[in-house]
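To be precise, the following lines are query-v3.cif, and they hold mmCIF, C-alpha atoms.
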data_final
#
loop_
_atom_site.label_atom_id
_atom_site.label_comp_id
_atom_site.auth_asym_id
_atom_site.auth_seq_id
_atom_site.Cartn_x
_atom_site.Cartn_y
_atom_site.Cartn_z
CA MET D 982 85.42 150.53 142.61
CA ASN D 983 86.69 152.22 139.48
CA GLN D 984 90.24 151.05 139.00
CA ARG D 985 90.95 148.41 136.39
CA LEU D 986 93.31 145.50 136.05
CA GLN D 987 95.77 145.11 133.26
CA GLY D 988 99.23 143.59 132.97
CA ILE D 989 101.22 140.41 132.56
CA CYS D 990 103.35 138.13 134.66
CA PRO D 991 106.81 137.39 133.20
CA HIS D 992 107.30 134.21 135.21
CA ARG D 993 104.35 132.13 134.14
CA GLY D 994 104.44 128.83 132.24
CA VAL D 995 101.57 126.49 131.45
CA HIS D 996 99.17 126.69 134.35
CA ASN D 997 99.47 124.15 137.14
CA PRO D 998 96.38 124.35 139.38
CA ASN D 999 98.23 122.80 142.34
CA ARG D 1000 101.11 125.22 142.56
CA LYS D 1001 101.04 128.25 144.83
CA PRO D 1002 100.64 131.71 143.29
CA GLN D 1003 103.90 133.53 142.65
CA LYS D 1004 104.73 136.66 144.53
CA ALA D 1005 104.76 140.03 142.84
CA ALA D 1006 104.04 143.66 143.65
CA LEU D 1007 100.76 145.04 144.93
CA ARG D 1008 98.24 147.03 142.96
CA LYS D 1009 94.76 148.13 144.01
CA THR D 1010 91.83 147.19 141.82
CA VAL D 1011 88.27 145.93 141.68
CA LEU D 1012 87.11 142.41 140.90
CA ASP D 1013 84.35 142.31 138.30
CA PHE D 1014 83.79 141.35 134.68
CA SER D 1015 84.96 144.78 133.54
CA VAL D 1016 88.67 144.09 133.37
CA ASN D 1017 90.23 145.44 130.19
CA ALA D 1018 90.04 143.03 127.30
CA SER D 1019 93.77 142.64 126.86
CA SER D 1020 96.71 141.75 129.04
CA GLU D 1021 99.12 142.39 126.17
CA SER D 1022 100.89 145.19 127.99
CA LYS D 1023 104.35 146.32 128.85
CA SER D 1024 106.14 143.49 130.65
CA LYS D 1025 109.36 143.16 132.56
CA VAL D 1026 112.28 141.84 130.54
CA VAL D 1027 113.28 138.35 131.64
CA SER D 1028 116.44 136.61 130.50
CA SER D 1029 115.72 134.25 127.63
CA ALA D 1030 118.12 131.75 129.18
CA LYS D 1031 115.61 131.23 132.01
CA ARG D 1032 112.57 130.89 129.73
CA THR D 1033 111.58 128.37 127.12
CA ALA D 1034 108.99 129.26 124.51
CA ILE D 1035 105.87 127.13 124.53
CA PRO D 1036 105.10 125.35 121.26
CA CYS D 1037 101.50 125.98 120.39
CA ALA D 1038 99.03 123.84 118.42
CA LEU D 1039 96.09 125.91 119.54
CA CYS D 1040 92.67 124.68 120.60
CA VAL D 1041 90.01 127.26 121.55
CA ARG D 1042 86.85 126.06 123.27
CA GLN D 1043 84.30 127.11 125.85
CA VAL D 1044 85.32 126.77 129.46
CA ARG D 1045 84.09 123.80 131.46
CA GLU D 1046 83.60 123.54 135.19
CA SER D 1047 86.95 121.79 135.53
CA ASP D 1048 88.66 124.72 133.75
CA VAL D 1049 87.28 127.53 135.92
CA GLN D 1050 89.99 127.54 138.58
CA GLY D 1051 92.77 127.41 135.99
CA VAL D 1052 91.29 130.39 134.14
CA ALA D 1053 90.91 132.31 137.40
CA ASP D 1054 94.51 131.57 138.37
CA LEU D 1055 95.80 132.76 135.00
CA CYS D 1056 93.84 136.02 135.22
CA ALA D 1057 94.95 136.56 138.81
CA GLU D 1058 98.62 136.06 138.04
CA VAL D 1059 98.53 138.12 134.85
CA PHE D 1060 96.49 141.05 136.16
CA SER D 1061 97.98 141.25 139.65
CA THR D 1062 101.45 142.20 138.37
CA ALA D 1063 100.31 145.30 136.46
CA GLY D 1064 102.12 148.45 137.49
CA SER D 1065 104.54 146.66 139.81
CA PRO D 1066 106.66 149.30 141.55
CA GLU D 1067 110.43 149.06 141.34
CA THR D 1068 112.45 149.36 144.53
CA ASP D 1069 116.03 148.72 145.63
CA SER D 1070 115.01 148.01 149.20
CA ALA D 1071 115.06 144.30 149.99
CA GLU D 1072 112.84 144.88 153.01
CA LEU D 1073 110.24 146.76 150.97
CA ARG D 1074 110.32 144.11 148.24
CA GLY D 1075 109.58 141.48 150.87
CA VAL D 1076 106.60 143.42 152.19
CA LEU D 1077 105.21 144.02 148.71
CA SER D 1078 105.73 140.38 147.79
CA ALA D 1079 103.82 139.18 150.85
CA LEU D 1080 100.97 141.58 150.13
CA GLU D 1081 100.88 140.53 146.48
CA THR D 1082 100.59 136.85 147.37
CA SER D 1083 97.47 137.50 149.42
CA TYR D 1084 96.10 139.83 146.75
CA GLU D 1085 96.59 137.31 143.95
CA GLN D 1086 94.89 134.56 145.92
CA ARG D 1087 91.92 136.84 146.51
CA ILE D 1088 91.63 137.66 142.81
CA SER D 1089 91.73 133.98 141.92
CA SER D 1090 89.08 132.90 144.42
CA ASP D 1091 86.72 135.80 143.69
CA LEU D 1092 87.01 135.50 139.91
CA ALA D 1093 86.43 131.74 140.03
CA GLU D 1094 83.30 132.33 142.07
CA GLN D 1095 82.08 134.98 139.62
CA ILE D 1096 82.56 132.68 136.62
CA ARG D 1097 80.77 129.79 138.32
CA THR D 1098 77.91 132.08 139.34
CA ALA D 1099 77.56 133.43 135.80
CA LEU D 1100 77.58 129.92 134.32
CA ALA D 1101 74.91 128.81 136.81
CA ARG D 1102 72.75 131.83 135.95
CA LYS D 1103 73.18 131.05 132.27
CA SER D 1104 72.02 127.46 132.76
CA GLU D 1105 69.00 128.53 134.81
CA ALA D 1106 68.06 131.21 132.27
CA ALA D 1107 68.30 128.69 129.43
CA SER D 1108 65.96 126.27 131.22
CA GLU D 1109 63.46 128.99 132.09
CA GLY D 1110 63.54 130.38 128.56
CA ARG D 1111 62.87 126.94 127.06
CA ALA D 1112 59.88 126.49 129.37
CA ILE D 1113 58.39 129.85 128.36
CA ARG D 1114 58.89 129.20 124.65
CA MET D 1115 57.26 125.78 125.01
CA GLU D 1116 54.24 127.40 126.64
CA GLN D 1117 54.10 129.88 123.77
CA ARG D 1118 54.09 127.06 121.22
CA VAL D 1119 51.32 125.24 123.09
CA ALA D 1120 49.25 128.44 123.24
CA LYS D 1121 49.73 128.97 119.51
CA LEU D 1122 48.61 125.41 118.73
CA ARG D 1123 45.53 125.88 120.90
CA ARG D 1124 44.58 129.03 119.00
CA GLN D 1125 45.05 127.26 115.66
CA LEU D 1126 42.95 124.32 116.85
CA ALA D 1127 40.19 126.65 118.05
CA LEU D 1128 40.23 128.40 114.67
CA LEU D 1129 39.83 125.08 112.83
CA ARG D 1130 36.93 124.13 115.07
CA GLY D 1131 35.28 127.51 114.68
CA GLU D 1132 35.58 128.18 118.41
CA PRO D 1133 36.62 131.44 120.12
CA SER D 1134 40.38 131.81 120.46
CA PRO D 1135 41.45 131.11 124.07
CA ALA D 1136 43.09 133.86 126.08
CA SER D 1137 46.87 133.63 126.11
CA PRO D 1138 48.52 135.49 129.00
CA ILE D 1139 51.85 133.97 128.00
CA LEU D 1140 51.99 136.34 125.00
CA SER D 1141 51.98 139.46 127.15
CA LEU D 1142 54.47 142.30 126.92
CA GLU D 1143 55.80 141.32 130.33
CA THR D 1144 56.67 137.89 128.96
CA ASP D 1145 58.60 139.44 126.09
CA ARG D 1146 60.57 141.55 128.55
CA LYS D 1147 61.30 138.51 130.66
CA LEU D 1148 62.56 136.59 127.64
CA GLN D 1149 64.86 139.50 126.78
CA ALA D 1150 66.23 139.55 130.33
CA LEU D 1151 66.81 135.80 130.18
CA ARG D 1152 68.59 136.21 126.85
CA SER D 1153 70.99 138.72 128.43
CA LYS D 1154 71.82 136.23 131.19
CA ARG D 1155 72.46 133.54 128.61
CA MET D 1156 74.86 135.74 126.64
CA PHE D 1157 77.89 134.79 128.69
CA VAL D 1158 80.79 132.58 127.72
CA THR D 1159 84.39 132.19 128.80
CA LEU D 1160 86.73 130.94 126.10
CA PHE D 1161 89.68 128.73 126.94
CA ALA D 1162 92.81 128.44 124.78
CA ALA D 1163 95.07 125.44 125.25
CA ASP D 1164 97.81 123.52 123.49
CA ARG D 1165 96.41 120.37 121.91
CA ALA D 1166 99.32 118.45 123.40
CA GLN D 1167 98.35 119.70 126.88
CA PRO D 1168 94.58 120.29 126.71
CA ASP D 1169 94.28 121.05 130.44
CA GLY D 1170 96.96 123.77 130.43
CA VAL D 1171 95.67 127.34 130.19
CA LEU D 1172 97.45 129.42 127.55
CA GLY D 1173 94.81 132.11 127.25
CA CYS D 1174 91.27 133.03 128.15
CA LEU D 1175 88.58 135.55 127.28
CA THR D 1176 85.14 136.37 128.65
CA LEU D 1177 82.27 137.42 126.40
CA THR D 1178 79.28 139.03 128.09
CA VAL D 1179 76.88 141.98 127.77
CA LYS D 1180 77.47 145.35 129.37
CA ARG D 1181 76.30 148.95 129.06
CA VAL D 1182 79.74 150.11 128.01
CA GLU D 1183 78.61 153.59 126.97
CA ALA D 1184 77.19 154.43 130.40
CA LYS D 1185 78.88 157.44 131.97
CA LEU D 1186 78.58 156.05 135.50
CA PRO D 1187 78.94 152.45 136.71
CA PRO D 1188 76.06 150.41 138.17
CA PRO D 1189 73.87 150.85 140.14
CA PHE D 1190 73.50 154.35 138.68
CA PRO D 1191 70.67 154.48 136.11
CA THR D 1192 71.51 154.85 132.44
CA SER D 1193 69.80 154.82 129.07
CA ALA D 1194 72.80 153.22 127.36
CA LYS D 1195 72.11 150.00 125.47
CA GLU D 1196 73.55 146.64 126.37
CA ARG D 1197 76.49 145.76 124.13
CA LEU D 1198 78.32 142.53 123.47
CA TYR D 1199 81.55 143.05 125.41
CA VAL D 1200 84.96 141.38 125.64
CA CYS D 1201 86.77 141.42 128.98
CA ASN D 1202 89.17 139.42 131.14
CA MET D 1203 91.39 138.47 128.22
CA ALA D 1204 94.71 137.10 129.39
CA VAL D 1205 97.51 135.28 127.57
CA ASP D 1206 100.31 133.31 129.15
CA PRO D 1207 103.50 135.39 128.72
CA LEU D 1208 105.45 132.36 127.49
CA ALA D 1209 102.86 131.72 124.79
CA ARG D 1210 102.62 135.22 123.39
CA ARG D 1211 103.33 136.22 119.79
CA ARG D 1212 101.71 132.98 118.63
CA GLY D 1213 98.30 134.32 117.65
CA ILE D 1214 96.46 133.22 120.79
CA ALA D 1215 94.86 136.61 121.46
CA ARG D 1216 93.78 136.93 117.84
CA ALA D 1217 92.35 133.39 117.84
CA LEU D 1218 90.35 134.17 120.98
CA LEU D 1219 89.01 137.36 119.42
CA GLU D 1220 88.02 135.60 116.21
CA ARG D 1221 86.15 132.92 118.16
CA ALA D 1222 84.38 135.62 120.19
CA GLU D 1223 83.32 137.32 116.95
CA GLN D 1224 81.96 134.02 115.60
CA ILE D 1225 79.88 133.55 118.74
CA GLY D 1226 78.63 137.13 118.51
CA ARG D 1227 77.40 136.51 114.96
CA CYS D 1228 75.65 133.33 116.08
CA TRP D 1229 73.90 135.35 118.80
CA GLY D 1230 72.68 137.81 116.19
CA GLU D 1231 74.84 140.71 117.41
CA THR D 1232 76.21 143.25 114.95
CA TRP D 1233 78.91 144.91 117.09
CA LEU D 1234 81.59 143.80 119.53
CA TRP D 1235 83.04 146.18 122.12
CA LEU D 1236 86.06 146.19 124.43
CA HIS D 1237 88.23 148.45 126.59
CA VAL D 1238 92.01 148.82 126.59
CA ASP D 1239 94.32 151.10 128.56
CA HIS D 1240 95.15 154.21 126.55
CA ASP D 1241 98.92 153.62 126.87
CA ASN D 1242 98.84 149.90 125.99
CA ALA D 1243 100.33 150.28 122.51
CA PRO D 1244 100.78 146.53 121.71
CA ALA D 1245 97.15 145.75 122.48
CA ILE D 1246 95.90 148.78 120.56
CA ARG D 1247 97.89 147.66 117.50
CA LEU D 1248 96.42 144.17 117.81
CA TYR D 1249 92.85 145.45 117.94
CA GLU D 1250 93.27 147.95 115.14
CA SER D 1251 94.80 145.27 112.91
CA ALA D 1252 91.77 143.10 113.69
CA GLY D 1253 89.39 145.83 112.55
CA TYR D 1254 88.49 147.53 115.84
CA VAL D 1255 87.96 151.29 115.82
CA ILE D 1256 88.43 153.69 118.74
CA GLN D 1257 85.10 155.21 119.77
CA SER D 1258 85.93 157.19 122.91
CA ILE D 1259 88.27 157.60 125.87
CA ASP D 1260 87.41 157.68 129.56
CA PRO D 1261 86.73 161.20 130.88
CA TRP D 1262 89.48 162.98 132.76
CA TRP D 1263 87.65 162.71 136.07
CA LYS D 1264 87.48 158.90 136.03
CA ILE D 1265 89.52 157.28 138.79
CA GLY D 1266 92.35 155.01 137.68
CA LYS D 1267 94.10 154.62 134.36
CA ARG D 1268 92.11 156.00 131.44
CA ARG D 1269 90.89 153.50 128.87
CA LEU D 1270 89.95 153.55 125.23
CA LEU D 1271 86.61 152.13 124.13
CA LEU D 1272 86.84 150.25 120.83
CA SER D 1273 84.25 148.49 118.72
CA LYS D 1274 84.07 146.35 115.60
CA GLU D 1275 81.15 145.69 113.29
CA LEU D 1276 80.44 141.98 112.99
CA VAL D 1277 79.77 141.73 109.28
CA PRO D 1278 77.80 138.54 108.52
CA LYS D 1279 79.54 135.91 106.42
CA ASP D 1280 78.53 135.80 102.76
CA TYR D 1281 76.27 132.80 102.37
CA SER D 1282 74.50 134.10 99.24
CA LEU D 1283 73.37 131.48 96.75
CA LYS D 1284 74.51 131.47 93.17
CA VAL D 1285 71.51 132.47 91.05
CA LYS D 1286 71.32 131.52 87.38
CA THR D 1287 70.33 134.13 84.81
CA ASP D 1288 67.40 133.56 82.46
CA GLN D 1289 69.80 132.87 79.58
CA GLN D 1290 71.68 130.27 81.65
CA MET D 1291 68.42 128.58 82.55
CA LYS D 1292 67.52 128.36 78.86
CA GLU D 1293 70.88 126.79 78.06
CA ASP D 1294 70.27 124.02 80.59
CA SER D 1295 68.17 121.14 79.31
CA VAL D 1296 67.20 117.70 80.39
CA VAL D 1297 67.78 114.81 78.00
CA GLY D 1298 67.38 111.08 78.40
CA THR D 1299 66.37 107.79 76.89
CA ASN D 1300 63.78 105.16 77.56
CA ASN D 1301 65.41 101.79 78.05
CA GLY D 1302 62.23 99.94 77.18
CA ASN D 1303 61.40 98.62 80.64
CA GLY D 1304 59.46 101.68 81.75
CA VAL D 1305 62.47 103.43 83.30
CA PHE D 1306 63.50 106.79 81.91
CA GLN D 1307 67.24 107.40 82.22
CA TRP D 1308 67.93 111.13 82.25
CA SER D 1309 70.90 113.45 82.35
CA VAL D 1310 71.45 117.20 82.58
CA ARG D 1311 73.42 119.22 80.07
CA GLU D 1312 74.68 122.32 81.88
CA GLY D 1313 75.26 125.74 80.42
CA ASP D 1314 78.36 127.88 80.84
CA ASP D 1315 77.90 128.08 84.62
CA SER D 1316 78.78 124.43 85.27
#
Whole structure given in structure tokens:
Amino acid sequence: MNQRLQGICPHRGVHNPNRKPQKAALRKTVLDFSVNASSESKSKVVSSAKRTAIPCALCVRQVRESDVQGVADLCAEVFSTAGSPETDSAELRGVLSALETSYEQRISSDLAEQIRTALARKSEAASEGRAIRMEQRVAKLRRQLALLRGEPSPASPILSLETDRKLQALRSKRMFVTLFAADRAQPDGVLGCLTLTVKRVEAKLPPPFPTSAKERLYVCNMAVDPLARRRGIARALLERAEQIGRCWGETWLWLHVDHDNAPAIRLYESAGYVIQSIDPWWKIGKRRLLLSKELVPKDYSLKVKTDQQMKEDSVVGTNNGNGVFQWSVREGDDS
């Protein structure tokens, strides 16, 4: 349960949910929300005569229920071709192709189920959290009313430490979103996707082993259609994830990438991500780099006038004789 998925499929166009998965070579892995953030890896070279670049007027939005299977199919096709072995044996290629077809279908079905489960948990957590916060508001109003009446403040079990912990747990469940990138001309076609969730990325051992590491906002399962690459889709997905992280009040964003995935590393470093660590030598599977980026809040500071500027501003006006004062403002140098 420690190997990771990463790779691209060189034969993919805009996703068609009705077509059968393409055959490729087999690679062992684990299905979870811990797949490396990027699928921008080394791909097989395909003749340009057989491929047509996809024009891209990009639209990035949150995934809907109708999009889940398309996102799962894209991830399955992209990730399942990583590390495809080369062979000159036609018989062996046939065996590997048959195995890969079954493997890709399994990835697609399992990942779609995981996304739907996470979205359902998010919806339930949001409803439960709203109910608890409403009870807290009612309890606060009752205390204020008792204070006004001079009565003893009623007991409020809803304000217990256990309730605060429950709200924090519900918040973690709500911090999940899958982003969906599509061409505006074909809004149902999947060009790229990204999952934003929380994970204890600094833990030395995977769950269920205990750890004191903190939960971090984490990017995973990022995949881009090979025909739509080099058009800023991955960067647009990252920027949207960072915007959401700021809205959630997070100050850092974390992700993993294979240590030999030079294109993805360049992308992240150009976007401001910094390498924090590398997987230990004893970890099974390809070693990964852990990167993070500080989510600096946007500058929404107000322009404040100096005392001198305030003095230079004055209000002037005239009385038109009917009881109405017509006024105007003469601004200083800051106008």
By how many Å are atom CA of Pro1187 of chain D and atom CA of Leu1234 of chain D apart?
19.4 Å
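Atom to atom, atom CA of Ser1273 of chain D and atom CA of Trp1235 of chain D stand 4.3 Å apart.
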Residues selected by the PyMOL selection byres ((chain D and resi 1119-1121) around 9), written as an NGL selection string
:D and (1114-1118 or 1122-1126 or 1135-1137 or 1139-1140)
Keeping only C-alpha atoms, write the selected residues as a short mmCIF file (atom, residue, chain, number, x, y, z; two decimals), in the frame of the given file.
data_model
loop_
_atom_site.label_atom_id
_atom_site.label_comp_id
_atom_site.auth_asym_id
_atom_site.auth_seq_id
_atom_site.Cartn_x
_atom_site.Cartn_y
_atom_site.Cartn_z
CA ARG D 1114 58.89 129.20 124.65
CA MET D 1115 57.26 125.78 125.01
CA GLU D 1116 54.24 127.40 126.64
CA GLN D 1117 54.10 129.88 123.77
CA ARG D 1118 54.09 127.06 121.22
CA LEU D 1122 48.61 125.41 118.73
CA ARG D 1123 45.53 125.88 120.90
CA ARG D 1124 44.58 129.03 119.00
CA GLN D 1125 45.05 127.26 115.66
CA LEU D 1126 42.95 124.32 116.85
CA PRO D 1135 41.45 131.11 124.07
CA ALA D 1136 43.09 133.86 126.08
CA SER D 1137 46.87 133.63 126.11
CA ILE D 1139 51.85 133.97 128.00
CA LEU D 1140 51.99 136.34 125.00
#
Counting all atoms listed in the file, figure out which residue out of D:Met1156, D:Val1277, D:Leu1092, D:Val1238 gets nearest to Ala1057 of chain D.
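Residue with the minimum atom-to-atom distance to Ala1057 of chain D: D:Leu1092.
Residue nearest Gly1173 of chain D within the list D:Ala1053, D:Ala1101, D:Ala1245, D:Ala1194: D:Ala1053 [criterion: smallest interatomic distance, all atoms listed in the file].
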Choose the residue, out of D:Leu1177, D:Arg1210, D:Leu1142, D:Gln1095, that has the smallest atom-to-atom separation from Pro1244 of chain D; count all atoms listed in the file.
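So, comparing all the options, the nearest one is D:Arg1210.
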Can you give me, as a PDB file with C-alpha atoms, keeping the file's coordinate frame, the residues this file yields under the PyMOL selection byres ((chain D and resi 1224-1228) around 9)?
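Resulting contents of part-v5.pdb:
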ATOM      1  CA  LEU D1177      82.270 137.420 126.400  1.00  0.00           C
ATOM      2  CA  LEU D1198      78.320 142.530 123.470  1.00  0.00           C
ATOM      3  CA  LEU D1219      89.010 137.360 119.420  1.00  0.00           C
ATOM      4  CA  GLU D1220      88.020 135.600 116.210  1.00  0.00           C
ATOM      5  CA  ARG D1221      86.150 132.920 118.160  1.00  0.00           C
ATOM      6  CA  ALA D1222      84.380 135.620 120.190  1.00  0.00           C
ATOM      7  CA  GLU D1223      83.320 137.320 116.950  1.00  0.00           C
ATOM      8  CA  TRP D1229      73.900 135.350 118.800  1.00  0.00           C
ATOM      9  CA  GLY D1230      72.680 137.810 116.190  1.00  0.00           C
ATOM     10  CA  GLU D1231      74.840 140.710 117.410  1.00  0.00           C
ATOM     11  CA  THR D1232      76.210 143.250 114.950  1.00  0.00           C
ATOM     12  CA  TRP D1233      78.910 144.910 117.090  1.00  0.00           C
ATOM     13  CA  LEU D1234      81.590 143.800 119.530  1.00  0.00           C
ATOM     14  CA  LEU D1276      80.440 141.980 112.990  1.00  0.00           C
ATOM     15  CA  VAL D1277      79.770 141.730 109.280  1.00  0.00           C
ATOM     16  CA  PRO D1278      77.800 138.540 108.520  1.00  0.00           C
ATOM     17  CA  LYS D1279      79.540 135.910 106.420  1.00  0.00           C
TER      18      LYS D1279
END
Within 9 Å of (84.0, 135.0, 125.7), only C-alpha atoms: residues as a PyMOL selection string?
chain D and resi 1043+1157-1161+1174-1178+1199-1203+1218-1219+1221-1222+1225
For C-alpha atoms, I'd like the residues from the last selection saved as a PDB file, in the coordinates of the input.
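The resulting file, selection.pdb, is shown below:
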ATOM      1  CA  GLN D1043      84.300 127.110 125.850  1.00  0.00           C
ATOM      2  CA  PHE D1157      77.890 134.790 128.690  1.00  0.00           C
ATOM      3  CA  VAL D1158      80.790 132.580 127.720  1.00  0.00           C
ATOM      4  CA  THR D1159      84.390 132.190 128.800  1.00  0.00           C
ATOM      5  CA  LEU D1160      86.730 130.940 126.100  1.00  0.00           C
ATOM      6  CA  PHE D1161      89.680 128.730 126.940  1.00  0.00           C
ATOM      7  CA  CYS D1174      91.270 133.030 128.150  1.00  0.00           C
ATOM      8  CA  LEU D1175      88.580 135.550 127.280  1.00  0.00           C
ATOM      9  CA  THR D1176      85.140 136.370 128.650  1.00  0.00           C
ATOM     10  CA  LEU D1177      82.270 137.420 126.400  1.00  0.00           C
ATOM     11  CA  THR D1178      79.280 139.030 128.090  1.00  0.00           C
ATOM     12  CA  TYR D1199      81.550 143.050 125.410  1.00  0.00           C
ATOM     13  CA  VAL D1200      84.960 141.380 125.640  1.00  0.00           C
ATOM     14  CA  CYS D1201      86.770 141.420 128.980  1.00  0.00           C
ATOM     15  CA  ASN D1202      89.170 139.420 131.140  1.00  0.00           C
ATOM     16  CA  MET D1203      91.390 138.470 128.220  1.00  0.00           C
ATOM     17  CA  LEU D1218      90.350 134.170 120.980  1.00  0.00           C
ATOM     18  CA  LEU D1219      89.010 137.360 119.420  1.00  0.00           C
ATOM     19  CA  ARG D1221      86.150 132.920 118.160  1.00  0.00           C
ATOM     20  CA  ALA D1222      84.380 135.620 120.190  1.00  0.00           C
ATOM     21  CA  ILE D1225      79.880 133.550 118.740  1.00  0.00           C
TER      22      ILE D1225
END
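Proximity ranking of D:Ala1215, D:Ala1038, D:Leu1270, D:Ile1113 relative to Asp1241 of chain D places D:Leu1270 first, based on only C-alpha atoms.
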Please output segment 1154-1169 of chain D, rebuilt to include N, CA and C atoms, as a PDB file, keeping the file's coordinate frame.
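Generated file (result.pdb):
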ATOM      1  N   LYS D1154      71.114 137.111 130.259  1.00  0.00           N
ATOM      2  CA  LYS D1154      71.820 136.230 131.190  1.00  0.00           C
ATOM      3  C   LYS D1154      72.496 135.080 130.446  1.00  0.00           C
ATOM      4  N   ARG D1155      71.883 134.653 129.366  1.00  0.00           N
ATOM      5  CA  ARG D1155      72.460 133.540 128.610  1.00  0.00           C
ATOM      6  C   ARG D1155      73.657 133.967 127.772  1.00  0.00           C
ATOM      7  N   MET D1156      73.762 135.251 127.490  1.00  0.00           N
ATOM      8  CA  MET D1156      74.860 135.740 126.640  1.00  0.00           C
ATOM      9  C   MET D1156      76.124 135.923 127.486  1.00  0.00           C
ATOM     10  N   PHE D1157      76.647 134.820 127.916  1.00  0.00           N
ATOM     11  CA  PHE D1157      77.890 134.790 128.690  1.00  0.00           C
ATOM     12  C   PHE D1157      78.655 133.545 128.301  1.00  0.00           C
ATOM     13  N   VAL D1158      79.934 133.724 128.012  1.00  0.00           N
ATOM     14  CA  VAL D1158      80.790 132.580 127.720  1.00  0.00           C
ATOM     15  C   VAL D1158      82.225 132.964 128.036  1.00  0.00           C
ATOM     16  N   THR D1159      82.956 132.024 128.599  1.00  0.00           N
ATOM     17  CA  THR D1159      84.390 132.190 128.800  1.00  0.00           C
ATOM     18  C   THR D1159      85.108 131.224 127.878  1.00  0.00           C
ATOM     19  N   LEU D1160      85.975 131.756 127.041  1.00  0.00           N
ATOM     20  CA  LEU D1160      86.730 130.940 126.100  1.00  0.00           C
ATOM     21  C   LEU D1160      88.065 130.537 126.707  1.00  0.00           C
ATOM     22  N   PHE D1161      88.512 129.370 126.344  1.00  0.00           N
ATOM     23  CA  PHE D1161      89.680 128.730 126.940  1.00  0.00           C
ATOM     24  C   PHE D1161      90.603 128.302 125.810  1.00  0.00           C
ATOM     25  N   ALA D1162      91.827 128.810 125.804  1.00  0.00           N
ATOM     26  CA  ALA D1162      92.810 128.440 124.780  1.00  0.00           C
ATOM     27  C   ALA D1162      93.852 127.516 125.406  1.00  0.00           C
ATOM     28  N   ALA D1163      94.125 126.419 124.735  1.00  0.00           N
ATOM     29  CA  ALA D1163      95.070 125.440 125.250  1.00  0.00           C
ATOM     30  C   ALA D1163      95.861 124.832 124.108  1.00  0.00           C
ATOM     31  N   ASP D1164      97.014 124.283 124.451  1.00  0.00           N
ATOM     32  CA  ASP D1164      97.810 123.520 123.490  1.00  0.00           C
ATOM     33  C   ASP D1164      97.176 122.138 123.357  1.00  0.00           C
ATOM     34  N   ARG D1165      97.022 121.675 122.118  1.00  0.00           N
ATOM     35  CA  ARG D1165      96.410 120.370 121.910  1.00  0.00           C
ATOM     36  C   ARG D1165      97.201 119.251 122.590  1.00  0.00           C
ATOM     37  N   ALA D1166      98.499 119.456 122.740  1.00  0.00           N
ATOM     38  CA  ALA D1166      99.320 118.450 123.400  1.00  0.00           C
ATOM     39  C   ALA D1166      99.100 118.446 124.909  1.00  0.00           C
ATOM     40  N   GLN D1167      98.636 119.570 125.455  1.00  0.00           N
ATOM     41  CA  GLN D1167      98.350 119.700 126.880  1.00  0.00           C
ATOM     42  C   GLN D1167      96.988 120.370 127.038  1.00  0.00           C
ATOM     43  N   PRO D1168      95.902 119.666 126.769  1.00  0.00           N
ATOM     44  CA  PRO D1168      94.580 120.290 126.710  1.00  0.00           C
ATOM     45  C   PRO D1168      94.093 120.873 128.024  1.00  0.00           C
ATOM     46  N   ASP D1169      94.707 120.507 129.150  1.00  0.00           N
ATOM     47  CA  ASP D1169      94.280 121.050 130.440  1.00  0.00           C
ATOM     48  C   ASP D1169      95.116 122.256 130.863  1.00  0.00           C
TER      49      ASP D1169
END
